[in-house]
Amino acid sequence: MAVKIKNKLESVPSSRLSRDFFTRPTVIVAKDLLGKIMVFNGIAASITETEAYVGKDDPACHAARGRTKRSEIMFGPPGYSYVYFIYGMYHCLNFVTEPENTAAAVLIRGCKLLDDSALHLNGPGKLCRHFAITRDHNAIDICGDKNFYVLDNNVRPKFETTPRIGISKGQDKPWRFVVKSNG
DNA sequence: ACCCCGATCGTA
DNA sequence: ACGATCGGGGTT
């Protein structure tokens, strides 16, 4: 199917990422999301940076201390948005992964707009600020919503692997993935 | 009810 | 290197 995107005049031949895509292990999903096209209210961007947060045994994951009001969505089925508020001023966007009751998610840390500006939104707070993503957009079904979804364009860019940013626990895990700018 | 810290960002 | 800024989770 060809999907029309408001800020990119041409159509992009692609299909929406399925529930099965998000049901897989979180580190795999985080890598595979690189280069995919996220579309929010008609604005499209290529995902350039992700991090995996892998369930109750990952001390950096919000689900590590069990189910709370905030982390509840991560315990549900995969393919849903998880948006939380941080540092009193920013929001961060995640996509829930792995089967229901396995509380894990991929943090979307960066993307590049598919318009003439090609603006690089490097950082999860800046990304949400640009799209105006807030907690109002928590728990949206990315596999079913008509205004918020990710397109599978079969792109597999080269990427680098590093420890995750801004965490005080779990720094030993190399679960941050960044698209190489030149490849 | 209170306290501390945080999956950040912009400026210095 | 650091301050802004406030919700959430843990503790009382």
# chains A, B, ... in the order shown; residues from 1 in each chain; ligands from 1
>>> residues_around(residues="DA7 (chain B)", least_positions_apart="6", cutoff="12 Å", atoms="only C-alpha atoms (C1' of nucleotides)", output="ChimeraX atom specification")
/A:50-53,59-63,82-87,90-94,105-109,123-125,163-171,175-176
>>> write_last_selection(atoms="N, CA and C atoms", output="mmCIF file, in the first residue's frame")
data_model
loop_
_atom_site.group_PDB
_atom_site.id
_atom_site.type_symbol
_atom_site.label_atom_id
_atom_site.label_comp_id
_atom_site.auth_asym_id
_atom_site.auth_seq_id
_atom_site.Cartn_x
_atom_site.Cartn_y
_atom_site.Cartn_z
ATOM 1 N N THR A 50 17.326 4.908 18.989
ATOM 2 C CA THR A 50 16.411 4.211 19.900
ATOM 3 C C THR A 50 17.175 3.646 21.097
ATOM 4 N N GLU A 51 16.431 3.321 22.131
ATOM 5 C CA GLU A 51 16.990 2.583 23.265
ATOM 6 C C GLU A 51 15.990 1.525 23.707
ATOM 7 N N ALA A 52 16.529 0.368 24.160
ATOM 8 C CA ALA A 52 15.683 -0.714 24.655
ATOM 9 C C ALA A 52 15.604 -0.665 26.178
ATOM 10 N N TYR A 53 14.390 -0.804 26.700
ATOM 11 C CA TYR A 53 14.151 -0.915 28.151
ATOM 12 C C TYR A 53 13.409 -2.218 28.377
ATOM 13 N N PRO A 59 17.124 -2.666 35.530
ATOM 14 C CA PRO A 59 16.915 -1.663 36.585
ATOM 15 C C PRO A 59 16.603 -0.266 36.047
ATOM 16 N N ALA A 60 16.938 0.008 34.784
ATOM 17 C CA ALA A 60 16.660 1.327 34.210
ATOM 18 C C ALA A 60 15.239 1.425 33.657
ATOM 19 N N CYS A 61 14.560 0.301 33.560
ATOM 20 C CA CYS A 61 13.205 0.277 32.993
ATOM 21 C C CYS A 61 12.189 0.740 34.035
ATOM 22 N N HIS A 62 11.227 1.555 33.631
ATOM 23 C CA HIS A 62 10.212 2.046 34.562
ATOM 24 C C HIS A 62 9.369 0.915 35.131
ATOM 25 N N ALA A 63 9.401 -0.237 34.507
ATOM 26 C CA ALA A 63 8.618 -1.371 35.002
ATOM 27 C C ALA A 63 9.412 -2.223 35.990
ATOM 28 N N TYR A 82 3.859 4.521 24.797
ATOM 29 C CA TYR A 82 4.064 4.821 26.216
ATOM 30 C C TYR A 82 4.739 6.190 26.278
ATOM 31 N N VAL A 83 3.993 7.183 26.736
ATOM 32 C CA VAL A 83 4.520 8.553 26.833
ATOM 33 C C VAL A 83 4.545 8.950 28.305
ATOM 34 N N TYR A 84 5.709 9.374 28.778
ATOM 35 C CA TYR A 84 5.801 9.817 30.173
ATOM 36 C C TYR A 84 6.435 11.202 30.241
ATOM 37 N N PHE A 85 6.204 11.857 31.393
ATOM 38 C CA PHE A 85 6.671 13.217 31.634
ATOM 39 C C PHE A 85 7.934 13.151 32.486
ATOM 40 N N ILE A 86 8.949 13.938 32.134
ATOM 41 C CA ILE A 86 10.234 13.828 32.831
ATOM 42 C C ILE A 86 10.852 15.198 33.061
ATOM 43 N N TYR A 87 11.567 15.347 34.146
ATOM 44 C CA TYR A 87 12.308 16.562 34.492
ATOM 45 C C TYR A 87 11.418 17.801 34.524
ATOM 46 N N TYR A 90 9.635 17.846 30.060
ATOM 47 C CA TYR A 90 9.738 17.119 28.795
ATOM 48 C C TYR A 90 8.901 15.851 28.799
ATOM 49 N N HIS A 91 8.557 15.426 27.593
ATOM 50 C CA HIS A 91 7.895 14.141 27.416
ATOM 51 C C HIS A 91 8.816 13.234 26.617
ATOM 52 N N CYS A 92 8.672 11.918 26.830
ATOM 53 C CA CYS A 92 9.437 10.943 26.063
ATOM 54 C C CYS A 92 8.482 9.899 25.491
ATOM 55 N N LEU A 93 8.735 9.517 24.241
ATOM 56 C CA LEU A 93 7.880 8.570 23.518
ATOM 57 C C LEU A 93 8.525 7.190 23.444
ATOM 58 N N ASN A 94 7.769 6.187 23.776
ATOM 59 C CA ASN A 94 8.183 4.793 23.645
ATOM 60 C C ASN A 94 7.121 4.009 22.892
ATOM 61 N N ALA A 105 9.775 -1.748 26.524
ATOM 62 C CA ALA A 105 9.462 -0.720 25.532
ATOM 63 C C ALA A 105 10.731 -0.223 24.867
ATOM 64 N N VAL A 106 10.555 0.426 23.721
ATOM 65 C CA VAL A 106 11.652 1.080 23.013
ATOM 66 C C VAL A 106 11.441 2.590 23.095
ATOM 67 N N LEU A 107 12.456 3.286 23.623
ATOM 68 C CA LEU A 107 12.432 4.752 23.678
ATOM 69 C C LEU A 107 12.882 5.307 22.328
ATOM 70 N N ILE A 108 12.082 6.197 21.764
ATOM 71 C CA ILE A 108 12.452 6.838 20.501
ATOM 72 C C ILE A 108 13.223 8.120 20.833
ATOM 73 N N ARG A 109 14.526 8.097 20.608
ATOM 74 C CA ARG A 109 15.393 9.204 21.053
ATOM 75 C C ARG A 109 15.696 10.215 19.959
ATOM 76 N N GLY A 123 17.208 13.806 20.402
ATOM 77 C CA GLY A 123 16.861 13.848 21.815
ATOM 78 C C GLY A 123 15.378 13.611 22.005
ATOM 79 N N PRO A 124 15.012 12.758 22.964
ATOM 80 C CA PRO A 124 13.607 12.370 23.136
ATOM 81 C C PRO A 124 12.697 13.524 23.540
ATOM 82 N N GLY A 125 13.216 14.474 24.311
ATOM 83 C CA GLY A 125 12.414 15.625 24.718
ATOM 84 C C GLY A 125 12.136 16.554 23.554
ATOM 85 N N PRO A 163 26.082 2.328 25.257
ATOM 86 C CA PRO A 163 25.246 2.297 26.470
ATOM 87 C C PRO A 163 24.162 3.361 26.390
ATOM 88 N N ARG A 164 23.131 3.199 27.210
ATOM 89 C CA ARG A 164 22.011 4.135 27.199
ATOM 90 C C ARG A 164 22.375 5.448 27.902
ATOM 91 N N ILE A 165 21.653 6.500 27.539
ATOM 92 C CA ILE A 165 21.969 7.862 27.986
ATOM 93 C C ILE A 165 21.118 8.257 29.194
ATOM 94 N N GLY A 166 21.738 8.954 30.128
ATOM 95 C CA GLY A 166 20.984 9.641 31.171
ATOM 96 C C GLY A 166 20.439 8.763 32.275
ATOM 97 N N ILE A 167 20.943 7.530 32.401
ATOM 98 C CA ILE A 167 20.436 6.623 33.429
ATOM 99 C C ILE A 167 21.507 6.420 34.503
ATOM 100 N N SER A 168 21.063 6.085 35.717
ATOM 101 C CA SER A 168 22.022 5.866 36.806
ATOM 102 C C SER A 168 22.200 4.380 37.109
ATOM 103 N N LYS A 169 21.277 3.565 36.599
ATOM 104 C CA LYS A 169 21.390 2.108 36.760
ATOM 105 C C LYS A 169 21.287 1.459 35.380
ATOM 106 N N GLY A 170 21.978 0.361 35.213
ATOM 107 C CA GLY A 170 21.891 -0.366 33.939
ATOM 108 C C GLY A 170 22.787 0.199 32.852
ATOM 109 N N GLN A 171 23.827 0.955 33.261
ATOM 110 C CA GLN A 171 24.725 1.553 32.262
ATOM 111 C C GLN A 171 25.578 0.513 31.543
ATOM 112 N N TRP A 175 22.452 -0.903 24.962
ATOM 113 C CA TRP A 175 21.113 -0.978 24.372
ATOM 114 C C TRP A 175 20.651 0.329 23.753
ATOM 115 N N ARG A 176 21.602 1.173 23.338
ATOM 116 C CA ARG A 176 21.271 2.379 22.567
ATOM 117 C C ARG A 176 21.759 2.164 21.140
#
>>> closest_atom_pairs(of="chain B", to="chain C", cutoff="9 Å", atoms="only C-alpha atoms (C1' of nucleotides)", output="CSV")
residue,atom,partner,partner_atom,distance
B:DA1,C1',C:DT12,C1',8.3
B:DC2,C1',C:DT12,C1',8.0
B:DC3,C1',C:DT11,C1',8.7
B:DA12,C1',C:DA1,C1',8.0
>>> write_last_selection(atoms="N, CA and C atoms (P, O5', C5', C4', C3', O3' and C1' of nucleotides)", output="mmCIF file, in the first residue's frame")
data_model
loop_
_atom_site.group_PDB
_atom_site.id
_atom_site.type_symbol
_atom_site.label_atom_id
_atom_site.label_comp_id
_atom_site.auth_asym_id
_atom_site.auth_seq_id
_atom_site.Cartn_x
_atom_site.Cartn_y
_atom_site.Cartn_z
ATOM 1 P P DA B 1 -3.038 15.796 52.725
ATOM 2 O "O5'" DA B 1 -1.659 15.271 53.303
ATOM 3 C "C5'" DA B 1 -1.289 15.518 54.658
ATOM 4 C "C4'" DA B 1 0.211 15.439 54.750
ATOM 5 C "C3'" DA B 1 0.982 16.465 53.913
ATOM 6 O "O3'" DA B 1 2.052 16.952 54.718
ATOM 7 C "C1'" DA B 1 1.689 14.291 53.314
ATOM 8 P P DC B 2 2.936 18.249 54.112
ATOM 9 O "O5'" DC B 2 4.376 17.603 53.938
ATOM 10 C "C5'" DC B 2 4.774 16.554 54.831
ATOM 11 C "C4'" DC B 2 6.011 15.876 54.288
ATOM 12 C "C3'" DC B 2 6.891 16.801 53.453
ATOM 13 O "O3'" DC B 2 8.231 16.606 53.834
ATOM 14 C "C1'" DC B 2 6.389 14.839 52.240
ATOM 15 P P DC B 3 9.366 17.746 53.481
ATOM 16 O "O5'" DC B 3 10.570 16.803 53.054
ATOM 17 C "C5'" DC B 3 10.553 15.409 53.398
ATOM 18 C "C4'" DC B 3 11.270 14.614 52.317
ATOM 19 C "C3'" DC B 3 12.273 15.444 51.506
ATOM 20 O "O3'" DC B 3 13.473 14.720 51.420
ATOM 21 C "C1'" DC B 3 10.760 14.333 50.053
ATOM 22 P P DA B 12 24.417 31.792 28.383
ATOM 23 O "O5'" DA B 12 25.543 31.278 29.382
ATOM 24 C "C5'" DA B 12 25.196 30.558 30.577
ATOM 25 C "C4'" DA B 12 26.467 30.006 31.198
ATOM 26 C "C3'" DA B 12 27.721 30.808 30.853
ATOM 27 O "O3'" DA B 12 28.548 30.926 31.999
ATOM 28 C "C1'" DA B 12 28.019 28.563 30.199
#
>>> closest_residue(among="A:Lys180, A:Lys36, A:Lys173, A:Arg19", to="Val150 (chain A)", atoms="only C-alpha atoms")
A:Lys36
>>> atom_distance(atom1="CA of Thr48 (chain A)", atom2="CA of Lys112 (chain A)")
6.8 Å
>>> closest_residue(among="A:Ser46, A:Ser18, A:Thr68, A:Asn41", to="Pro157 (chain A)", atoms="only C-alpha atoms")
A:Ser46
>>> atom_distance(atom1="CA of Asp172 (chain A)", atom2="C1' of DC9 (chain B)")
24.0 Å
>>> select_by_dssp(residues="region 39-112 of chain A", states="strand (DSSP E)", output="number ranges by chain")
A: 39-40, 43-54, 81-86, 90-96, 104-112
>>> select_by_dssp(residues="region 110-165 of chain A", states="alpha helix (DSSP H)", output="ChimeraX atom specification")
/A:124-131
>>> write_last_selection(atoms="C-alpha atoms", output="PDB file, in the first residue's frame")
ATOM      1  CA  PRO A 124      13.607  12.370  23.136  1.00  0.00           C
ATOM      2  CA  GLY A 125      12.414  15.625  24.718  1.00  0.00           C
ATOM      3  CA  LYS A 126      13.001  17.670  21.587  1.00  0.00           C
ATOM      4  CA  LEU A 127      11.285  14.998  19.499  1.00  0.00           C
ATOM      5  CA  CYS A 128       8.095  15.092  21.573  1.00  0.00           C
ATOM      6  CA  ARG A 129       8.165  18.883  21.779  1.00  0.00           C
ATOM      7  CA  HIS A 130       8.277  19.166  17.982  1.00  0.00           C
ATOM      8  CA  PHE A 131       5.405  16.741  17.427  1.00  0.00           C
TER       9      PHE A 131
END
>>> atom_distance(atom1="CA of Asp58 (chain A)", atom2="CA of Gly35 (chain A)")
25.5 Å
